[in-house]
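Trainee: See work-v3.cif below, with mmCIF, C-alpha atoms.
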data_query
loop_
_atom_site.label_atom_id
_atom_site.label_comp_id
_atom_site.auth_asym_id
_atom_site.auth_seq_id
_atom_site.Cartn_x
_atom_site.Cartn_y
_atom_site.Cartn_z
CA MET M 1 46.51 71.18 201.90
CA LYS M 2 45.15 68.43 199.72
CA VAL M 3 47.05 65.58 198.10
CA GLU M 4 44.67 63.35 196.27
CA GLY M 5 43.75 62.20 192.80
CA SER M 6 41.97 65.43 191.86
CA ALA M 7 45.00 67.47 192.94
CA GLU M 8 46.74 66.62 189.66
CA GLU M 9 44.56 69.17 187.84
CA ASP M 10 45.63 71.84 190.29
CA ASN M 11 49.25 70.78 189.85
CA ARG M 12 49.08 71.19 186.09
CA ALA M 13 47.45 74.59 186.47
CA ALA M 14 50.13 75.73 188.91
CA VAL M 15 52.96 74.93 186.50
CA GLY M 16 51.25 76.18 183.36
CA GLY M 17 50.11 72.78 182.15
CA ARG M 18 53.63 71.63 181.26
CA GLY M 19 53.88 67.93 182.06
CA HIS M 20 57.67 67.95 182.14
CA ALA M 21 57.85 70.78 184.72
CA TYR M 22 58.68 68.32 187.50
CA GLU M 23 62.04 67.71 185.85
CA LYS M 24 62.88 71.39 186.25
CA GLY M 25 63.08 71.06 190.03
CA VAL M 26 61.12 71.98 193.12
CA LYS M 27 62.29 75.60 193.14
CA TYR M 28 60.92 76.01 189.62
CA LEU M 29 57.56 74.70 190.81
CA SER M 30 57.60 76.87 193.91
CA GLU M 31 58.48 80.01 191.96
CA ARG M 32 55.42 79.44 189.79
CA GLY M 33 53.01 79.43 192.70
CA LEU M 34 52.63 75.73 193.43
CA THR M 35 50.66 75.19 196.64
CA VAL M 36 49.65 71.55 196.20
CA LEU M 37 52.20 68.79 196.50
CA PRO M 38 52.26 67.08 193.08
CA ASP M 39 51.45 63.37 193.06
CA LYS M 40 54.89 62.74 191.50
CA TYR M 41 56.47 63.60 194.88
CA VAL M 42 54.05 61.70 197.15
CA LEU M 43 55.56 58.57 198.67
CA PRO M 44 53.56 55.36 199.05
CA LEU M 45 52.08 55.14 202.53
CA HIS M 46 54.58 52.53 203.76
CA GLU M 47 57.56 54.68 202.68
CA ARG M 48 56.50 57.92 204.37
CA PRO M 49 58.68 59.16 207.23
CA ARG M 50 57.52 57.89 210.61
CA SER M 51 59.10 57.63 214.01
CA LYS M 52 59.53 54.30 215.80
CA ASP M 53 56.06 54.51 217.37
CA GLY M 54 54.45 55.17 213.98
CA ASN M 55 53.95 58.87 214.59
CA LEU M 56 54.02 60.99 211.43
CA SER M 57 56.02 63.79 213.07
CA PRO M 58 59.64 62.63 212.89
CA LEU M 59 61.03 66.08 213.78
CA ARG M 60 59.36 66.12 217.18
CA SER M 61 61.54 66.79 220.21
CA GLY M 62 63.25 63.78 221.74
CA ASN M 63 63.83 62.11 218.37
CA SER M 64 67.31 63.53 217.79
CA ILE M 65 70.89 62.40 218.29
CA ARG M 66 74.32 63.91 218.81
CA LEU M 67 76.81 61.94 216.77
CA PRO M 68 80.09 60.79 218.35
CA MET M 69 82.43 63.79 218.47
CA VAL M 70 85.92 63.62 216.96
CA ASP M 71 88.40 66.38 217.80
CA PHE M 72 90.36 66.70 214.58
CA ARG M 73 93.08 68.76 216.23
CA GLU M 74 93.96 65.89 218.56
CA LEU M 75 94.93 63.68 215.61
CA ARG M 76 98.18 65.69 215.64
CA GLY M 77 98.73 65.38 219.37
CA PRO M 78 99.75 62.81 221.98
CA ASN M 79 96.18 61.45 222.17
CA ARG M 80 96.17 60.36 218.51
CA ARG M 81 95.76 56.68 219.39
CA GLY M 82 92.65 57.44 221.48
CA VAL M 83 91.11 59.54 218.70
CA VAL M 84 91.85 56.85 216.10
CA GLU M 85 90.14 54.26 218.29
CA SER M 86 87.15 56.60 218.77
CA ILE M 87 86.84 56.98 214.98
CA ALA M 88 87.04 53.20 214.57
CA GLU M 89 84.28 52.70 217.14
CA ALA M 90 82.09 55.34 215.50
CA CYS M 91 82.57 53.82 212.03
CA GLY M 92 81.71 50.36 213.31
CA LYS M 93 78.78 51.28 215.57
CA HIS M 94 77.18 54.36 213.99
CA GLY M 95 78.66 54.72 210.52
CA PHE M 96 78.66 58.46 211.29
CA PHE M 97 80.64 60.87 213.44
CA GLN M 98 80.94 64.64 213.90
CA VAL M 99 84.26 66.44 213.37
CA VAL M 100 85.06 69.58 215.38
CA ASN M 101 88.21 71.71 215.63
CA HIS M 102 89.05 70.84 212.01
CA GLY M 103 90.94 74.08 211.42
CA ILE M 104 89.08 75.15 208.29
CA PRO M 105 88.48 78.91 208.65
CA THR M 106 84.90 79.83 209.49
CA GLU M 107 84.70 82.25 206.56
CA ILE M 108 85.40 79.44 204.09
CA LEU M 109 82.45 77.47 205.49
CA THR M 110 80.07 80.44 205.58
CA ASP M 111 81.18 81.52 202.10
CA MET M 112 80.42 78.02 200.80
CA ILE M 113 76.93 77.98 202.29
CA ASP M 114 76.23 81.51 201.06
CA VAL M 115 77.48 81.02 197.50
CA THR M 116 75.58 77.72 197.27
CA ALA M 117 72.38 79.42 198.39
CA GLY M 118 73.17 82.22 195.94
CA PHE M 119 73.31 79.79 193.03
CA PHE M 120 69.84 78.46 193.79
CA LYS M 121 68.43 81.99 194.20
CA GLN M 122 69.33 82.86 190.61
CA PRO M 123 66.64 83.00 187.92
CA PHE M 124 65.69 79.59 186.52
CA GLU M 125 67.23 80.49 183.16
CA GLU M 126 70.66 80.65 184.81
CA ARG M 127 70.23 77.40 186.73
CA GLU M 128 68.79 75.67 183.66
CA ARG M 129 72.12 76.02 181.82
CA TYR M 130 73.46 73.16 183.96
CA MET M 131 70.38 70.94 183.87
CA SER M 132 71.04 67.55 182.30
CA PRO M 133 69.64 64.00 182.47
CA ASP M 134 73.20 62.71 181.96
CA MET M 135 74.28 61.21 185.28
CA PHE M 136 77.91 61.21 184.12
CA SER M 137 78.00 64.96 183.51
CA PRO M 138 80.76 66.64 185.59
CA VAL M 139 78.43 69.56 186.36
CA ARG M 140 74.75 68.81 186.74
CA TYR M 141 71.73 70.64 188.15
CA GLY M 142 68.63 68.58 188.83
CA THR M 143 66.18 67.13 191.32
CA SER M 144 66.15 63.32 191.75
CA MET M 145 69.36 61.46 190.89
CA ASN M 146 67.68 59.49 188.10
CA GLN M 147 64.49 61.43 187.46
CA LYS M 148 63.80 59.54 184.24
CA LYS M 149 63.47 56.24 186.11
CA ASP M 150 62.56 57.20 189.70
CA SER M 151 58.91 56.42 190.36
CA VAL M 152 58.74 59.13 193.06
CA LEU M 153 60.88 62.27 192.86
CA CYS M 154 62.82 63.83 195.74
CA TRP M 155 61.67 67.16 197.16
CA ARG M 156 64.99 68.91 196.66
CA ASP M 157 67.18 70.47 194.01
CA PHE M 158 70.90 69.77 193.71
CA LEU M 159 73.99 71.00 191.93
CA LYS M 160 76.62 68.29 191.44
CA ILE M 161 80.18 69.33 190.67
CA THR M 162 83.10 67.00 190.02
CA CYS M 163 86.27 68.49 191.49
CA PRO M 164 89.43 67.94 189.42
CA PRO M 165 92.70 66.90 191.13
CA THR M 166 94.06 70.40 190.53
CA MET M 167 92.07 73.58 191.03
CA SER M 168 93.56 75.62 188.20
CA GLU M 169 91.40 78.18 186.43
CA GLY M 170 91.43 76.07 183.27
CA SER M 171 90.22 72.95 185.07
CA LEU M 172 87.25 74.86 186.48
CA ARG M 173 85.98 76.23 183.17
CA HIS M 174 82.91 73.97 183.24
CA TRP M 175 81.83 75.17 186.68
CA PRO M 176 79.12 77.82 186.97
CA SER M 177 80.50 81.35 186.57
CA SER M 178 77.58 82.90 188.43
CA PRO M 179 77.45 84.03 191.20
CA ALA M 180 80.61 85.90 190.26
CA ASP M 181 82.76 84.43 193.04
CA PHE M 182 81.35 80.89 192.76
CA ARG M 183 84.44 79.20 191.28
CA LYS M 184 86.88 80.85 193.68
CA LEU M 185 84.89 80.09 196.84
CA VAL M 186 84.01 76.52 195.88
CA ALA M 187 87.63 75.79 194.92
CA ASN M 188 88.82 77.11 198.31
CA TYR M 189 86.33 74.88 200.07
CA ALA M 190 87.26 71.85 197.96
CA ARG M 191 90.97 72.23 198.76
CA GLU M 192 90.33 72.42 202.49
CA THR M 193 87.95 69.47 202.64
CA LYS M 194 90.24 67.34 200.47
CA HIS M 195 93.05 67.80 202.99
CA MET M 196 90.69 67.01 205.86
CA SER M 197 89.40 63.87 204.14
CA LEU M 198 92.94 62.56 203.58
CA VAL M 199 93.82 62.99 207.26
CA LEU M 200 90.61 61.23 208.29
CA MET M 201 91.15 58.41 205.79
CA GLU M 202 94.62 57.82 207.20
CA ALA M 203 93.20 57.63 210.73
CA ILE M 204 90.48 55.25 209.53
CA LEU M 205 93.02 52.91 207.94
CA GLU M 206 95.10 53.01 211.10
CA GLY M 207 92.01 52.12 213.12
CA LEU M 208 91.25 49.17 210.85
CA LEU M 209 94.71 47.76 211.51
CA ILE M 210 94.26 48.23 215.26
CA LEU M 211 90.93 46.38 215.11
CA HIS M 212 92.37 43.56 213.02
CA LYS M 213 95.67 43.37 214.92
CA PRO M 214 94.97 44.73 218.43
CA ASN M 215 98.65 44.91 219.41
CA ASN M 216 99.51 47.09 216.44
CA GLU M 217 100.52 50.56 217.57
CA GLY M 218 99.68 52.07 214.19
CA PRO M 219 102.06 53.77 211.76
CA GLY M 220 102.02 57.23 213.29
CA VAL M 221 101.73 60.33 211.12
CA ASP M 222 104.01 63.31 210.57
CA ASN M 223 102.84 64.69 207.24
CA ILE M 224 99.51 64.63 206.75
CA SER M 225 68.09 72.42 199.22
CA ASP M 226 65.09 71.70 200.17
CA ASP M 227 62.72 74.52 199.10
CA GLY M 228 60.22 75.73 201.72
CA ILE M 229 56.75 75.36 200.22
CA ASP M 230 53.47 75.16 202.09
CA ARG M 231 52.84 71.41 202.05
CA GLU M 232 52.64 68.24 204.13
CA PRO M 233 56.33 67.33 204.61
CA ASN M 234 55.54 63.83 205.87
CA LEU M 235 54.26 62.83 202.40
CA THR M 236 57.62 63.33 200.76
CA LEU M 237 61.36 63.31 201.45
CA GLY M 238 64.30 65.48 200.46
CA MET M 239 66.28 62.28 200.00
CA PRO M 240 64.95 58.72 200.46
CA PRO M 241 66.80 56.15 202.62
CA HIS M 242 70.16 55.45 201.01
CA SER M 243 73.84 54.87 201.65
CA ASP M 244 76.60 56.89 199.98
CA TYR M 245 78.60 55.29 197.20
CA GLY M 246 82.04 56.77 197.95
CA PHE M 247 84.72 56.10 200.55
CA LEU M 248 83.97 58.95 202.93
CA THR M 249 81.34 61.70 202.90
CA LEU M 250 81.80 65.11 204.53
CA LEU M 251 78.57 67.01 205.16
CA LEU M 252 78.39 70.73 205.90
CA GLN M 253 74.90 71.77 207.02
CA ASP M 254 73.28 75.09 207.68
CA GLU M 255 71.33 75.41 210.92
CA VAL M 256 68.13 73.81 209.61
CA ALA M 257 67.69 70.22 210.79
CA GLY M 258 66.79 67.59 208.22
CA LEU M 259 69.37 64.80 208.14
CA GLN M 260 68.21 61.56 209.76
CA VAL M 261 70.24 58.43 210.46
CA HIS M 262 68.83 54.94 210.94
CA HIS M 263 70.17 54.02 214.36
CA GLU M 264 69.05 51.11 216.57
CA GLU M 265 65.98 50.45 214.39
CA GLU M 266 64.81 54.07 214.61
CA TRP M 267 65.11 57.17 212.46
CA VAL M 268 66.78 59.91 214.50
CA THR M 269 67.45 63.51 213.47
CA VAL M 270 71.06 64.68 213.56
CA ASP M 271 71.29 67.98 215.43
CA PRO M 272 73.32 70.48 213.36
CA VAL M 273 76.48 71.58 215.17
CA PRO M 274 77.61 74.99 213.89
CA GLY M 275 81.03 74.92 212.26
CA SER M 276 81.34 71.14 212.30
CA PHE M 277 81.19 68.37 209.70
CA ALA M 278 79.07 65.23 209.83
CA VAL M 279 81.17 62.42 208.36
CA ASN M 280 79.85 59.04 207.26
CA VAL M 281 81.09 55.73 205.92
CA GLY M 282 80.42 55.12 202.23
CA ASP M 283 79.89 51.88 200.31
CA HIS M 284 83.51 51.87 199.10
CA LEU M 285 84.77 51.97 202.69
CA GLU M 286 82.42 49.14 203.68
CA ILE M 287 83.90 47.07 200.85
CA PHE M 288 87.48 48.13 201.63
CA SER M 289 87.01 47.29 205.33
CA ASN M 290 85.55 43.91 204.33
CA GLY M 291 82.37 44.67 206.24
CA ARG M 292 83.95 45.87 209.50
CA TYR M 293 82.54 49.33 208.85
CA ARG M 294 79.04 49.68 207.45
CA SER M 295 77.63 52.42 205.28
CA VAL M 296 74.48 53.40 207.16
CA PHE M 297 71.03 54.28 205.86
CA HIS M 298 70.27 57.96 206.09
CA ARG M 299 67.65 60.25 204.60
CA VAL M 300 66.67 63.93 204.49
CA LEU M 301 63.30 65.21 205.63
CA ALA M 302 61.36 67.90 203.82
CA ASN M 303 60.68 71.08 205.79
CA HIS M 304 57.46 73.04 205.28
CA GLU M 305 58.70 76.13 207.14
CA MET M 306 62.06 77.00 205.59
CA SER M 307 64.64 76.02 203.00
CA ARG M 308 67.70 73.96 203.95
CA VAL M 309 71.14 74.18 202.35
CA SER M 310 73.75 71.46 202.70
CA VAL M 311 77.08 70.76 200.99
CA VAL M 312 77.90 67.08 200.47
CA SER M 313 81.52 66.23 199.61
CA ILE M 314 81.99 62.63 198.51
CA HIS M 315 85.63 61.53 198.66
CA SER M 316 86.75 58.32 197.04
CA PHE M 317 89.06 56.82 194.44
CA PRO M 318 89.45 57.80 190.76
CA PHE M 319 86.54 56.98 188.48
CA ASP M 320 88.14 53.85 187.01
CA ALA M 321 89.99 52.66 190.14
CA THR M 322 89.18 49.19 191.48
CA VAL M 323 87.94 48.89 195.06
CA ARG M 324 88.29 45.59 196.88
CA PRO M 325 88.69 44.38 200.49
CA TRP M 326 92.04 45.47 201.91
CA THR M 327 94.51 42.60 201.79
CA GLU M 328 95.62 43.44 205.35
CA LEU M 329 92.13 42.46 206.53
CA VAL M 330 91.72 39.28 204.48
CA ASP M 331 93.01 35.88 205.53
CA GLU M 332 91.77 32.32 205.86
CA ALA M 333 89.64 33.20 208.85
CA ASN M 334 88.35 36.40 207.22
CA PRO M 335 87.73 35.75 203.51
CA SER M 336 86.74 38.49 201.09
CA LEU M 337 83.04 39.30 201.33
CA TYR M 338 82.69 41.56 198.30
CA ARG M 339 83.42 41.57 194.60
CA ASP M 340 85.80 44.12 193.12
CA THR M 341 83.99 47.30 192.14
CA SER M 342 84.52 50.88 190.97
CA PHE M 343 82.74 54.20 190.78
CA ALA M 344 82.11 53.60 187.08
CA CYS M 345 80.45 50.30 187.98
CA PHE M 346 78.18 52.12 190.45
CA MET M 347 77.16 54.73 187.87
CA ASP M 348 76.36 52.07 185.29
CA TYR M 349 74.21 50.27 187.86
CA ILE M 350 72.09 53.21 189.02
CA SER M 351 71.70 54.69 185.54
CA SER M 352 69.93 51.50 184.47
CA ARG M 353 67.36 51.30 187.29
CA GLU M 354 65.75 53.11 190.19
CA PRO M 355 68.15 53.01 193.17
CA LYS M 356 66.69 51.47 196.34
CA LYS M 357 68.41 51.63 199.71
CA LYS M 358 71.69 49.67 199.49
CA ASN M 359 70.83 47.52 196.49
CA PHE M 360 74.05 48.36 194.65
CA LEU M 361 76.17 47.26 197.59
CA GLU M 362 74.07 44.13 197.93
CA SER M 363 74.89 43.34 194.31
CA ARG M 364 78.61 43.42 195.13
CA LYS M 365 78.43 40.83 197.92
CA LEU M 366 79.85 37.46 197.08
CA PRO M 367 77.00 34.90 196.93
CA SER M 368 78.78 32.41 199.18
CA GLN M 369 78.93 34.93 202.04
CA ASN M 370 76.11 35.67 204.42
CA ILE M 371 76.88 39.00 206.04
#
Now, as a test, write the supplied structure out as structure tokens.
Mentor:
Amino acid sequence: MKVEGSAEEDNRAAVGGRGHAYEKGVKYLSERGLTVLPDKYVLPLHERPRSKDGNLSPLRSGNSIRLPMVDFRELRGPNRRGVVESIAEACGKHGFFQVVNHGIPTEILTDMIDVTAGFFKQPFEERERYMSPDMFSPVRYGTSMNQKKDSVLCWRDFLKITCPPTMSEGSLRHWPSSPADFRKLVANYARETKHMSLVLMEAILEGLLILHKPNNEGPGVDNISDDGIDREPNLTLGMPPHSDYGFLTLLLQDEVAGLQVHHEEEWVTVDPVPGSFAVNVGDHLEIFSNGRYRSVFHRVLANHEMSRVSVVSIHSFPFDATVRPWTELVDEANPSLYRDTSFACFMDYISSREPKKKNFLESRKLPSQNI
């Protein structure tokens, strides 16, 4: 495969000479016979995925990690305190952990992966109905988050859906109606993951109090796609290094590896664990914890052999809610390290410029603090 200056002519030929075709997504390009990676997706040399030793094969064996395991079921049992402390350690050390025994029926997870894959397998004309450059749109199909401003596009397509507080038929009218069971299956999945996120958030808050006040026993609880195209995957990324903007992210993956976490100065691939969720700290939780928990850089590799489907659920506060360091964690010895912020503030920030790593979070740090 060639990726060089002269390849641009081949790129234009492959997509029918339409200069705006990149904005239609990687599946659109693939369906039209693209065999050369367009220059618009080629990362600068210093940003291309490499392992710690500089090797350009980051998916090689030995460069993977099993995240700390959290048994969700035990949050209801006598070992709750131990599980809460394990979550606190994972949030502080890794920024990620893996949840097993969560109780969500297997069919709900497989249905979600299948119906998601089914959406992307539809003809472009059906997918195009939800394509929009508006980053505030509650339903949006696209490629890079801000493809009008991003200098290099991501090698992936996405469908973003904002889930309303209630899952009534009327509240879902903006969601795709095809595949035929899309709304029903996605709503089922959203209900289950919302419940799971609330239980995890409660445990995380309990863990923060234990860390801040070690003798505290805690409150106790009773009621609680990358597209596979023949190309050089090391020239591009499905998602560049970034942190998530919400409070907590729940990730459901298929069995194709791709997620990498920046851990101990090295990029390591997260081994998919069937039926589990990878959970990570978001920027809002870093702010709320006053820096005790850190949202960690992660990225997604492109795969030249097969497509990858993942479902990312970002759980946080309402759009206009203010996020600030928790007052329980702030005192004279531990002053606030971050400005107040909101999801709306984040959207305004990234819609005005190309997002880079954790630059939004950096903009929320108080200038007098050196974290």
Trainee: Apply the PyMOL selection byres ((chain M and resi 141) around 10) to the displayed file and report the matching residues as a list in words.
Mentor: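 Written out, the selection comes to Lys24, Gly25, Phe120, Arg127, Glu128, Arg129, Tyr130, Met131, Ser132, Pro133, Ser137, Val139, Arg140, Gly142, Thr143, Ser144, Met145, Asp157, Phe158, Leu159, Lys160 and Ile161 of chain M.
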Trainee: On this file, the PyMOL selection byres ((chain M and resi 43) around 10) gives some set of residues; write that set as a PDB file with C-alpha atoms, in the coordinates of the input.
Mentor:
ATOM      1  CA  ASP M  39      51.450  63.370 193.060  1.00  0.00           C
ATOM      2  CA  LYS M  40      54.890  62.740 191.500  1.00  0.00           C
ATOM      3  CA  TYR M  41      56.470  63.600 194.880  1.00  0.00           C
ATOM      4  CA  VAL M  42      54.050  61.700 197.150  1.00  0.00           C
ATOM      5  CA  PRO M  44      53.560  55.360 199.050  1.00  0.00           C
ATOM      6  CA  LEU M  45      52.080  55.140 202.530  1.00  0.00           C
ATOM      7  CA  HIS M  46      54.580  52.530 203.760  1.00  0.00           C
ATOM      8  CA  GLU M  47      57.560  54.680 202.680  1.00  0.00           C
ATOM      9  CA  ARG M  48      56.500  57.920 204.370  1.00  0.00           C
ATOM     10  CA  PRO M  49      58.680  59.160 207.230  1.00  0.00           C
ATOM     11  CA  SER M 151      58.910  56.420 190.360  1.00  0.00           C
ATOM     12  CA  VAL M 152      58.740  59.130 193.060  1.00  0.00           C
ATOM     13  CA  LEU M 153      60.880  62.270 192.860  1.00  0.00           C
ATOM     14  CA  CYS M 154      62.820  63.830 195.740  1.00  0.00           C
ATOM     15  CA  ASN M 234      55.540  63.830 205.870  1.00  0.00           C
ATOM     16  CA  LEU M 235      54.260  62.830 202.400  1.00  0.00           C
ATOM     17  CA  THR M 236      57.620  63.330 200.760  1.00  0.00           C
ATOM     18  CA  LEU M 237      61.360  63.310 201.450  1.00  0.00           C
ATOM     19  CA  PRO M 240      64.950  58.720 200.460  1.00  0.00           C
TER      20      PRO M 240
END
Trainee: For CA of Pro367 in chain M and CA of Phe288 in chain M, determine how far apart the two atoms are, in Å to one decimal place.
Mentor: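 Going from CA of Pro367 in chain M over to CA of Phe288 in chain M, I get 17.5 Å.
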Trainee: Given the choices M:Lys184, M:Arg324, M:Arg73, M:Arg339, which gets closest to Asp111 in chain M if the distance is worked out from only C-alpha atoms?
Mentor: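 Nearest to Asp111 in chain M: M:Lys184.
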Trainee: When you look at Pro165 in chain M with a cut-off of 10 Å (counting all atoms listed in the file), what residues show up, excluding the ones that are within fewer than 3 positions of it in the same chain? I need them as a ChimeraX atom specification.
Mentor: /M:162,168,171,191,194,318
Trainee: Measuring atom to atom with all atoms listed in the file, identify which of M:Pro164, M:Pro272, M:Gly282, M:Pro325 is nearest to Asp340 in chain M.
Mentor: M:Pro325
Trainee: Which value, in Å to one decimal, gives the distance between CA of Ile113 in chain M and CA of Arg299 in chain M?
Mentor: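 Computing the Euclidean distance for CA of Ile113 in chain M and CA of Arg299 in chain M yields 20.1 Å.
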Trainee: Considering only C-alpha atoms, return as number ranges by chain whatever protein or nucleic-acid residues lie within 8 Å of Leu185 in chain M, sequence-local ones (same chain, fewer than 2 positions apart) excluded.
Mentor: M: 108, 111-112, 115, 181-183, 187-189
Trainee: Let me make sure I understand: among M:Phe317, M:Phe96, M:Trp155, M:Tyr245, which one has the smallest atom-to-atom distance to Leu198 in chain M if we use only C-alpha atoms?
Mentor: M:Phe317
Trainee: Using the chain letters and residue numbers of this document, give as a list of chain:residue names the residues selected by the PyMOL selection byres ((chain M and resi 199) around 10).
Mentor: M:Phe72, M:Leu75, M:Arg76, M:Thr193, M:Lys194, M:His195, M:Met196, M:Ser197, M:Leu198, M:Leu200, M:Met201, M:Glu202, M:Ala203, M:Ile204, M:Val221, M:Asn223, M:Ile224
Trainee: Give me, please, the distance in Å between CA of Arg308 in chain M and CA of Gly258 in chain M, quoted to one decimal.
Mentor: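 We find that CA of Arg308 in chain M and CA of Gly258 in chain M lie 7.7 Å from each other.
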Trainee: Identify, on the basis of all atoms listed in the file, every residue whose closest approach to Phe97 in chain M does not exceed 9 Å; exclude the query and any residue fewer than 4 positions from it along the same chain; express the result as number ranges by chain.
Mentor: M: 66-70, 87, 90-91, 277-280
Trainee: Could you write out that same residue set with C-alpha atoms as a PDB file, in the coordinates of the input?
Mentor:
ATOM      1  CA  ARG M  66      74.320  63.910 218.810  1.00  0.00           C
ATOM      2  CA  LEU M  67      76.810  61.940 216.770  1.00  0.00           C
ATOM      3  CA  PRO M  68      80.090  60.790 218.350  1.00  0.00           C
ATOM      4  CA  MET M  69      82.430  63.790 218.470  1.00  0.00           C
ATOM      5  CA  VAL M  70      85.920  63.620 216.960  1.00  0.00           C
ATOM      6  CA  ILE M  87      86.840  56.980 214.980  1.00  0.00           C
ATOM      7  CA  ALA M  90      82.090  55.340 215.500  1.00  0.00           C
ATOM      8  CA  CYS M  91      82.570  53.820 212.030  1.00  0.00           C
ATOM      9  CA  PHE M 277      81.190  68.370 209.700  1.00  0.00           C
ATOM     10  CA  ALA M 278      79.070  65.230 209.830  1.00  0.00           C
ATOM     11  CA  VAL M 279      81.170  62.420 208.360  1.00  0.00           C
ATOM     12  CA  ASN M 280      79.850  59.040 207.260  1.00  0.00           C
TER      13      ASN M 280
END
